[in-house]
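Notes to accompany the following structure.
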Number of protein chains: 4
Amino acid sequence: MASKAKAAVLVAPRQIEIEEFPLPETGEDDSLMRVEACGVCASDVPLFTGKVKSEGHLQMLLPVILGHEIVGRVERLGKKAAERWGVKEGDRIIIERWIPCGHCDRCYAGDYRLCVRKIDGYPLYYGGSSTKLTPSLWGGFAEYMYLHPDTVVYKVSDDVSAELLPQFTPIANGISWVTVNGGAGIDSRIVIQGPGQEGLAAVIAAKEAGARLIIVTGLSQDAHRLQIAQELGATHTVVADQEDVVERVKEITEGQMADLVLDVTSGASTKPIELAVDLAGQGGTIVLAGFHNNQPVANFVAEKMMSKTLTIKGVWGRHRRSVKAAIRLIESGKYPLHKLCTHAFPLEETGQAFKVVAREVDKDALHVSVVPGHI
Amino acid sequence: MASKAKAAVLVAPRQIEIEEFPLPETGEDDSLMRVEACGVCASDVPLFTGKVKSEGHLQMLLPVILGHEIVGRVERLGKKAAERWGVKEGDRIIIERWIPCGHCDRCYAGDYRLCVRKIDGYPLYYGGSSTKLTPSLWGGFAEYMYLHPDTVVYKVSDDVSAELLPQFTPIANGISWVTVNGGAGIDSRIVIQGPGQEGLAAVIAAKEAGARLIIVTGLSQDAHRLQIAQELGATHTVVADQEDVVERVKEITEGQMADLVLDVTSGASTKPIELAVDLAGQGGTIVLAGFHNNQPVANFVAEKMMSKTLTIKGVWGRHRRSVKAAIRLIESGKYPLHKLCTHAFPLEETGQAFKVVAREVDKDALHVSVVPGHI
Amino acid sequence: MASKAKAAVLVAPRQIEIEEFPLPETGEDDSLMRVEACGVCASDVPLFTGKVKSEGHLQMLLPVILGHEIVGRVERLGKKAAERWGVKEGDRIIIERWIPCGHCDRCYAGDYRLCVRKIDGYPLYYGGSSTKLTPSLWGGFAEYMYLHPDTVVYKVSDDVSAELLPQFTPIANGISWVTVNGGAGIDSRIVIQGPGQEGLAAVIAAKEAGARLIIVTGLSQDAHRLQIAQELGATHTVVADQEDVVERVKEITEGQMADLVLDVTSGASTKPIELAVDLAGQGGTIVLAGFHNNQPVANFVAEKMMSKTLTIKGVWGRHRRSVKAAIRLIESGKYPLHKLCTHAFPLEETGQAFKVVAREVDKDALHVSVVPGHI
Amino acid sequence: MASKAKAAVLVAPRQIEIEEFPLPETGEDDSLMRVEACGVCASDVPLFTGKVKSEGHLQMLLPVILGHEIVGRVERLGKKAAERWGVKEGDRIIIERWIPCGHCDRCYAGDYRLCVRKIDGYPLYYGGSSTKLTPSLWGGFAEYMYLHPDTVVYKVSDDVSAELLPQFTPIANGISWVTVNGGAGIDSRIVIQGPGQEGLAAVIAAKEAGARLIIVTGLSQDAHRLQIAQELGATHTVVADQEDVVERVKEITEGQMADLVLDVTSGASTKPIELAVDLAGQGGTIVLAGFHNNQPVANFVAEKMMSKTLTIKGVWGRHRRSVKAAIRLIESGKYPLHKLCTHAFPLEETGQAFKVVAREVDKDALHVSVVPGHI
C-alpha cells in the first residue's frame, strides 16, 4: 500500500490542485478506504464556481477535497470498526456523506442526515470538510479517504461497475423525495421538474412506486435528457420553454392535475416553484429539492395553497431505507443506469468533471464520476 | 308559525336590506329551521365591503343572505330527513355551511368540505348562495332557513346560551388546524399569529392538545385580545409591532423555535407568512389559514424550507370530528367562551355587526352574532 | 328491452333457482343496469353452502340474488342519476357492492364501505339484500339489476373483455390491503399467505408498489396457483404443507423476516395467522383479510407482539382510490389477467360456478364469472 | 468520594445481597453517576421472583443489579462525554435503560430502544446486565453507576424531589402508548385496563392529550388505585370483577365504544386482551403493553378484527420526545405525583421494595423507589 494519497483539492473558486497527503494512521475505531469512484453532485458546482451565498463560509471551507457520492474498498480496518460496520478488509462499500454524532436529538430521532456536528468549529462531513481539519482526507476526489468511527457504511456487491454505484445518491434521493416525503404510490400522477440526474432518478423512483403518470419537464436544451427520461419510464415529457406546462398537465391528467410535483431544477430561476402551485391538484404535495441561489419565489400566494389544500415540503437528503433500496436497485440491473453515466474522469481531470456537470462543456452530460484508479 | 321570514340581504357592497321571503314548502327530504343565532365570520367581511378578488363573482352572488355559523331549531321536518339526521322537530341543531353532493371523489374520500357542487351554475352552500336560487333562504342572517336534504346536521344541547354556539366554527377550525393538519400534541411549541376569533380558538385547541408553549402574536391594537389569549391558556404573547418576534420566540423556546406556526392573521400584509418560515424550527410545520387579499409573499426562499425540512400546509375548513369535539367543548363549559362573545345584534342591525367584525367600530370586538329573535 | 329479468336466486343452502322478476320502474334518481358479467367472490361461498355463523342471519337474507363483482351497461338512466354519476345510457360501468347512506359518521369520514345502512330492517347492499326487499333485483347473478340512487358507480372502458372486469374487486382489495393498510412500497419484503384470487391480486399490488421480495405460500394442492403467482411477479413460493415456512422466509429475507404478512387464506384453519406473527420482522405489519369460520387463533401471545412491536390490522373491503387504480390496471393490459379467468358460466349454471369457487370441482379454478348473456 | 459502591445484587430468585464494588476508572468517554433514586418497575418483578420464560436467560443474567428508572448526579465526567451529553459534574440527570450501539439499522432509524446490542455475548442495558460484565455497576439499585459512552442522558431540574423523578419512565410510556402508538387526542374515548403505575401514568397522558372519556378498569382489590385514577383525570372507573365491562363502556360511550384500548394489566390472565377486542369501536386501536407470562389469548377471532377494522399494536418502551415531555410534566408540578410515590426504601431493603411492587405486602402500593442515600 502506498504511504501517500493524491487528492484533487479545491484551493480557490475554479482552481483545483492535485496534492499529496500522507495516509493517516488509524486505530481500533477508525479506518482507511481506497476510493474506486466518486460522483460529482450538482450541489458541488456552486462550491467549485464560488457562487455561494456566503463568501465567509467558502473561505472557512477552503482548501477542500470535495466529493460525497463515494464507492471504494476497505483498505485498513480497525477491529471495533469491523464489528460496528459488519465488513472486512477488501470489502466494497458505499458511505454516506454525513458523519453523525449519534447523540443529539436529531440523531436519536433517526434524522442523522440533519445532524449539525462540528469539530473544532469546522462542520464535519465527507466532501465538505477542509483539509485543514486533520487528517485532511475527507473527500471522495482522492485516492484514499479517512473513515471516521461514525461513518455510515453500506456493503455493496462486487459485481457492478464502480462508475454505476455513486448513483446511489440521486436514486436514494429520488426514492425518499417521491415516496417517503412525496407520498406517491400506485396510480399517482407525478410531475418532475428538471431532467438532470436527480430528476431522472426520481423517474426511476416513481416508476418503481407504481405511478401511473410520470410527467417530466425540461427545457429545449434538455432534449437528450428528456429522451432518457422516457426510456426510464416517464409517460410524458414537456418542453417548458416551448409548451404551456399547466395546459399540458391539465390535458394529460384530464383536469385532475398532479398528486405530486417535485422541483429538482437548479439555478436562479424560481419559476418552477411558482408553477408547481398551479400544477398540483386538490390535496396535492409539492416537494422542494432544487437549489435556486437563495432567490425568492415570485407570486407565492397563500390563498392558492388554501383553496387547493396543498402541502409544500422542503427536503434534505435521503433516508437510510431509501439508500438500501437504491443499492439493491442498482445491483439488480433493472434499469439502464449505464446510460446515465455519461462521463468518467481520472483524478487529474476533476476540474473538467465539474465543468461538465455545470454544463459548461456538454449539454448532454448526466452522471459524472471521478475514478482515481483510471488510467 | 309565520308564513314569511325576514332576512338581512346584502344587495350591494355595504348595503343590507331587510326583506321578507315566503317560507318554502318542504317535503319528505328537506326541512325548515328557525335560526336562533348566527355568527359573523371574518371571511364574510370582504363580501360585505366588496373587497373581493373577482367583481364578477360578487355580482353572481348578489343579492345574498350571508351567515354560516348557524344554530337553530328544527321547525318543520321531512320524514326521510328525520331518519337521515336522527333529529325531531324542536331539536336544537348546528349545521355546516357545506351542502355536499355526496357522490364526487371528494365526498367519497371524506373531504365533503371540498365538494364543489353547483346548482344551475350557482355554487351551493349556506351563507353563500344567492337569493335568486330558489327557495332563497340559504343564509343564517334570517329568521328561518331552508334545509336542503344534503345538509350536514349536528344535534346540540339545549342548555347552552344560543350566542355561544356559533363559536363551534372557529373552535372546530382551531382543532383541525392545530392537531389534524398541524400535528401538534403533548409538549408541542406553537406560535399562533393573529389573536382574532380564529387565533383565540386555536389557543383553546392547543391547550386541549397538551401543548407546552402557546405563543400568540398580535399588534399593539390587540392588547385586549392578547389578554384574553392568556386567560384561555396562551403561555406567552408577543406584540409584533413593538418586539422582535423571532428573537422572542428563540428566547422562549430556548433556541428550538416552533414545531407549529399557524397564520390566522388577515389583511393585505403577508409579513406573518414570511416570518413563519423563520419562526419554525427544524422539521416544523406552518399552517396557512389567513386570507391576505391574494397578495404574494415576499422573500419566500426554497433553501430555507429545505435546510429546515419545513412543511407548509394550506388548509380549508374543518373536519367532522373536530366539529363534534368543538360542540362538546362548548357544552362542557370548560372555557370562558362568553368572554369571546362581545356583541349580539338583532337581525335589523346585521350591517352594524359586519362593521364591528371589520373593526371599523370597536377594536376589542371578538365573536359577534346576529340573534334574529333578539328584542 | 325485455320487461322481465331472469335471476339466479339462492332459496336455500346449495339450492339455486332461476326466477323471473319484472323490471322495476325507475325515476329521476334511480336507474337500471344490464349485467354483462358478475364475478363469484370467495366470500359468497359460505352463503351458498349455508356454513355461516348465524342461521338467523341467513334466514333473513333468503331468498337472495348473490353477486357483487359487477360490470354492466347503463340500460335506463334517471336524469339526476346521470348528473350524479357522470354517465349516459349505454355506458359500461362497474358498481361497488355498498349502497352508502351518505349521512352517517362513516360515510362523512370517507369510510362508506363501513356504512351499516338498513332499509326496513334489511341490510342494503348489492349481492346481499333479499329479493323480499323491493324491487328484488339487488344481485349481480341476474340479467338486469336495479340501481339505487346511492349506488357508487365507475365508468369503465369498452375495450376490455367483460369477464376480466369483475377482477376489479380482488385487485382493488390487493392494492388497499398491501399499500393503504399494509404500508408496503419500494424494497418491501412481503409474505402473502393463500394463492387464491385475493392472494394473486395481492401479488400484482405488491409488484406494482415496488416490493423486492414477494413470497407466496400455499398448499400442495395449489401448485397451479403458485405457478401463476410467479408469472404475476412473486419472487418466491413456499409449499406450506411440505416446507418449514418460517425457515424458508428467514432464509429468503436473510434473517430480517417480512415487513408485511397478508393472510388471505380461508377456511377453518387459523394456523396462517399464528404463523404470521413468526413471519413478521421487527416493526412488521400483519393484515388479516381471510375468513376463518370465526375460529379462534391458537397461541396468540402478547409478548411476541410487543418484543417485535408488531401491528395487526383487520381490514374490510377497499378504498375508492384503489378501485380506480385497479380499473386502470385492468384496462392497461399490463398483467395477464385472462389467465386468472378460469371459468365463465351462463346464468343457468350459477350453482356450478359456486361449486367451482368452493374448489369442489376443480382445484385449479381461480376467478370465476357468471355471464348472463352467455350462450 | 468513596472508592467503593454498595449495590443490591440479585444472586438468585428472591435472594438479594448487598455487595461492594470498586468504583470503576473512567476516561474521556465514560463517566460515573451517584444514584439519587431508582424506581422499581413492574417488569423487574418476574426477574426477582424467577418467574421468567427462560431459565437459561435468567442464569446468564445472574448475578445482576436491577433498576432502570434512574435519577442521579454526574459524579465524575469524561471530557468527551461532557460535550456529547451537554452536562457538567454535579448536574442532575436521568438516563435511559438502553445503551444503543448507534450504528445498527434500528439505531439509525431512531428506534434505539429496540437496539439489540450485546457485549461479549451479554445483552447490554442498565438494570439488566450481569455484574460479571465489567465494570459491574450496571444497575440503579446501587450507590453509584458506571456510565457507558453510549448512555442516553437527560438533564433534569434540581428543584424536584428525587423520588418523583423515576416516574419519568411510566409517564413517558403512557405518552408514547396513548398518543404516538395509540393515536389518541382531543375528544378521544379511551379505555385503560389496569390501574397500576403504567395505567395511572396513561391516565395523565390521556388527560394531557385532551381525551374526553378516560375509562379505567381494575379489580375489587384496586379500589385505592381507581380512586387515584379519578384524581388524576379518569372520567369513569369500572370494577371488572363486579361489573360487565363491555356493557358499562357501551353505556358510557353511548354505543360508540372506545377509540383506544390500552392493556397495561399484568399476570397470567389474558382476559383483558380478549375483552379489548369487544371494547374497541369501529376503526379502533388496541395497544398491548402488559406482560402476561407468555400465556396465549383465548378467543382471538380474525373476523372480529375485520368487521370492526381494528388495529392491534404491540409496543416496547418509549420515544425520546415522550421522555422529554414526561420530564417537563414532572417538573411542572401539574399532577399530584407524590400521591403515586407510595414507598421509598433504603438500598438495604431493596428486596422488600420488590415484594411491595409484587403486591405481596401492600395492595395499595403504587410507585416504589429505592433511595440509596436514604437513612
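The chains in the C-alpha cells are called A, B, ... from first to last as shown; in each chain the residues are counted from 1, and the ligands are counted from 1 in the order shown.
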task = Please report, as number ranges by chain, each residue of range 7-198 of chain B to which DSSP assigns strand (DSSP E or B) when run on this structure's backbone.
result = B: 7-12, 15-22, 31-39, 64, 69-77, 92-95, 98, 118-119, 122-123, 125, 130, 142, 144-147, 153-155, 189-193
Go ahead and dump the residues you just picked, C-alpha atoms, as a PDB file, in the first residue's frame.
ATOM      1  CA  ALA B   7     -83.785  38.192   6.285  1.00  0.00           C
ATOM      2  CA  ALA B   8     -80.862  40.609   6.090  1.00  0.00           C
ATOM      3  CA  VAL B   9     -79.994  40.668   2.410  1.00  0.00           C
ATOM      4  CA  LEU B  10     -76.738  42.052   1.058  1.00  0.00           C
ATOM      5  CA  VAL B  11     -77.828  43.746  -2.149  1.00  0.00           C
ATOM      6  CA  ALA B  12     -74.630  45.629  -2.903  1.00  0.00           C
ATOM      7  CA  GLN B  15     -75.794  47.756   1.596  1.00  0.00           C
ATOM      8  CA  ILE B  16     -78.022  45.444   3.578  1.00  0.00           C
ATOM      9  CA  GLU B  17     -81.808  45.428   3.323  1.00  0.00           C
ATOM     10  CA  ILE B  18     -84.309  43.562   5.459  1.00  0.00           C
ATOM     11  CA  GLU B  19     -86.537  41.607   3.098  1.00  0.00           C
ATOM     12  CA  GLU B  20     -89.325  39.121   3.628  1.00  0.00           C
ATOM     13  CA  PHE B  21     -89.422  35.741   1.897  1.00  0.00           C
ATOM     14  CA  PRO B  22     -92.257  33.235   1.921  1.00  0.00           C
ATOM     15  CA  SER B  31     -86.859  20.749   6.172  1.00  0.00           C
ATOM     16  CA  LEU B  32     -87.096  24.176   7.728  1.00  0.00           C
ATOM     17  CA  MET B  33     -85.074  25.652  10.589  1.00  0.00           C
ATOM     18  CA  ARG B  34     -85.768  28.634  12.819  1.00  0.00           C
ATOM     19  CA  VAL B  35     -82.494  30.495  13.385  1.00  0.00           C
ATOM     20  CA  GLU B  36     -81.526  31.183  16.988  1.00  0.00           C
ATOM     21  CA  ALA B  37     -78.176  32.805  16.360  1.00  0.00           C
ATOM     22  CA  CYS B  38     -75.692  33.164  13.545  1.00  0.00           C
ATOM     23  CA  GLY B  39     -72.068  34.211  13.983  1.00  0.00           C
ATOM     24  CA  VAL B  64     -77.338  37.132  -0.875  1.00  0.00           C
ATOM     25  CA  GLU B  69     -72.108  29.851  11.768  1.00  0.00           C
ATOM     26  CA  ILE B  70     -75.644  28.783  12.443  1.00  0.00           C
ATOM     27  CA  VAL B  71     -77.587  27.407  15.379  1.00  0.00           C
ATOM     28  CA  GLY B  72     -81.324  26.966  15.384  1.00  0.00           C
ATOM     29  CA  ARG B  73     -84.356  24.758  15.964  1.00  0.00           C
ATOM     30  CA  VAL B  74     -85.876  22.212  13.625  1.00  0.00           C
ATOM     31  CA  GLU B  75     -89.173  23.863  12.758  1.00  0.00           C
ATOM     32  CA  ARG B  76     -90.629  21.528  10.157  1.00  0.00           C
ATOM     33  CA  LEU B  77     -89.063  18.163   9.387  1.00  0.00           C
ATOM     34  CA  ARG B  92     -81.658  22.347  18.542  1.00  0.00           C
ATOM     35  CA  ILE B  93     -79.139  21.835  15.776  1.00  0.00           C
ATOM     36  CA  ILE B  94     -75.995  23.242  14.287  1.00  0.00           C
ATOM     37  CA  ILE B  95     -75.423  22.944  10.541  1.00  0.00           C
ATOM     38  CA  TRP B  98     -71.313  22.960   3.032  1.00  0.00           C
ATOM     39  CA  LYS B 118     -73.169  23.793  -8.114  1.00  0.00           C
ATOM     40  CA  ILE B 119     -76.873  24.014  -8.871  1.00  0.00           C
ATOM     41  CA  TYR B 122     -74.641  28.699  -8.729  1.00  0.00           C
ATOM     42  CA  PRO B 123     -72.327  27.418  -6.036  1.00  0.00           C
ATOM     43  CA  TYR B 125     -73.626  26.499   0.302  1.00  0.00           C
ATOM     44  CA  SER B 130     -77.801  33.962  -3.955  1.00  0.00           C
ATOM     45  CA  ALA B 142     -82.594  35.396   8.705  1.00  0.00           C
ATOM     46  CA  TYR B 144     -85.783  30.963   9.085  1.00  0.00           C
ATOM     47  CA  MET B 145     -83.584  28.882   6.817  1.00  0.00           C
ATOM     48  CA  TYR B 146     -84.357  26.242   4.277  1.00  0.00           C
ATOM     49  CA  LEU B 147     -82.639  22.890   4.989  1.00  0.00           C
ATOM     50  CA  VAL B 153     -76.545  18.375  10.822  1.00  0.00           C
ATOM     51  CA  TYR B 154     -75.342  18.084  14.430  1.00  0.00           C
ATOM     52  CA  LYS B 155     -77.736  17.897  17.361  1.00  0.00           C
ATOM     53  CA  ARG B 189     -44.240  24.504  20.903  1.00  0.00           C
ATOM     54  CA  ILE B 190     -46.832  26.512  18.979  1.00  0.00           C
ATOM     55  CA  VAL B 191     -46.852  30.051  17.609  1.00  0.00           C
ATOM     56  CA  ILE B 192     -50.291  31.436  16.718  1.00  0.00           C
ATOM     57  CA  GLN B 193     -50.108  34.595  14.620  1.00  0.00           C
TER      58      GLN B 193
END
key: Neighbours of chain A in chain C at 9 Å, counting only C-alpha atoms, as an MDAnalysis selection string   = chainID C and resid 175 179 185:188 205 207:212 321:322 324:326 328:329
Residue contacts of Thr131 in chain C (8 Å, only C-alpha atoms) excluding same-chain residues fewer than 6 positions away, as a ChimeraX atom specification = /C:62-65,137-138
ask   = Which polymer residues have any atom within 12 Å of an atom of range 102-109 of chain D, counting only C-alpha atoms, with same-chain residues fewer than 3 positions away left out, as a ChimeraX atom specification?
value = /A:80-86,99-104,106-113,115,149-154,319-324 /C:256,282-283,308 /D:98-99,112-118,149-152
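All residues of protein, DNA or RNA that reach within 9 Å of Val357 in chain A, judged by only C-alpha atoms and not counting those fewer than 3 positions away in the chain, are Val40, Cys41, Ala42, Val45, Gln352, Ala353, Phe354, Glu360, Val361, Asp362, Lys363, Ala365, Leu366, His367 and Val368 of chain A.
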Same residues, N, CA and C atoms, output as a short mmCIF file (atom, residue, chain, number, x, y, z; two decimals), in the first residue's frame:
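This went into part.cif:
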data_model
loop_
_atom_site.label_atom_id
_atom_site.label_comp_id
_atom_site.auth_asym_id
_atom_site.auth_seq_id
_atom_site.Cartn_x
_atom_site.Cartn_y
_atom_site.Cartn_z
N VAL A 40 -19.89 13.31 -9.13
CA VAL A 40 -19.94 14.76 -8.95
C VAL A 40 -21.41 15.16 -8.81
N CYS A 41 -21.75 15.65 -7.65
CA CYS A 41 -23.14 16.04 -7.37
C CYS A 41 -23.35 17.47 -7.85
N ALA A 42 -24.53 17.76 -8.33
CA ALA A 42 -24.83 19.12 -8.78
C ALA A 42 -24.63 20.13 -7.66
N VAL A 45 -21.28 22.01 -7.56
CA VAL A 45 -20.93 23.01 -8.56
C VAL A 45 -20.79 24.43 -7.99
N GLN A 352 -12.25 19.39 -14.86
CA GLN A 352 -13.04 19.20 -16.07
C GLN A 352 -14.38 18.54 -15.72
N ALA A 353 -14.34 17.61 -14.79
CA ALA A 353 -15.57 16.93 -14.36
C ALA A 353 -16.58 17.96 -13.85
N PHE A 354 -16.10 18.91 -13.06
CA PHE A 354 -17.01 19.95 -12.56
C PHE A 354 -17.61 20.76 -13.71
N GLU A 360 -21.06 23.47 -18.74
CA GLU A 360 -20.30 24.47 -19.48
C GLU A 360 -19.73 23.85 -20.76
N VAL A 361 -19.66 22.54 -20.78
CA VAL A 361 -18.96 21.85 -21.85
C VAL A 361 -19.90 21.01 -22.72
N ASP A 362 -20.77 20.25 -22.05
CA ASP A 362 -21.55 19.25 -22.79
C ASP A 362 -22.97 19.24 -22.20
N LYS A 363 -23.92 19.75 -23.01
CA LYS A 363 -25.30 19.86 -22.52
C LYS A 363 -25.90 18.50 -22.19
N ALA A 365 -24.50 15.92 -20.73
CA ALA A 365 -23.90 15.20 -19.60
C ALA A 365 -24.97 14.86 -18.57
N LEU A 366 -24.83 13.69 -17.97
CA LEU A 366 -25.72 13.34 -16.87
C LEU A 366 -24.89 13.02 -15.63
N HIS A 367 -24.74 11.75 -15.33
CA HIS A 367 -23.96 11.45 -14.14
C HIS A 367 -22.48 11.36 -14.50
N VAL A 368 -21.70 12.07 -13.72
CA VAL A 368 -20.26 12.19 -13.99
C VAL A 368 -19.49 11.69 -12.77
#
request  = Show which residues sit within 6 Å of Lys313 in chain D, as a PyMOL selection string. Count only C-alpha atoms, and ignore same-chain residues fewer than 3 positions away.
outcome  = (chain C and resi 310-311) or (chain D and resi 287)
Residue selection dump (N, CA, C and O atoms) as a PDB file, in the first residue's frame:
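Result went into again.pdb, see below:
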ATOM      1  N   LEU C 310     -45.073  -5.410  16.717  1.00  0.00           N
ATOM      2  CA  LEU C 310     -45.897  -5.725  15.547  1.00  0.00           C
ATOM      3  C   LEU C 310     -47.207  -4.951  15.562  1.00  0.00           C
ATOM      4  O   LEU C 310     -47.704  -4.562  16.612  1.00  0.00           O
ATOM      5  N   THR C 311     -47.751  -4.788  14.390  1.00  0.00           N
ATOM      6  CA  THR C 311     -49.094  -4.230  14.222  1.00  0.00           C
ATOM      7  C   THR C 311     -49.946  -5.244  13.461  1.00  0.00           C
ATOM      8  O   THR C 311     -49.503  -5.778  12.451  1.00  0.00           O
TER       9      THR C 311
ATOM     10  N   VAL D 287     -53.711  -1.206  22.135  1.00  0.00           N
ATOM     11  CA  VAL D 287     -52.268  -1.197  22.383  1.00  0.00           C
ATOM     12  C   VAL D 287     -51.950  -2.212  23.481  1.00  0.00           C
ATOM     13  O   VAL D 287     -52.524  -2.170  24.567  1.00  0.00           O
TER      14      VAL D 287
END
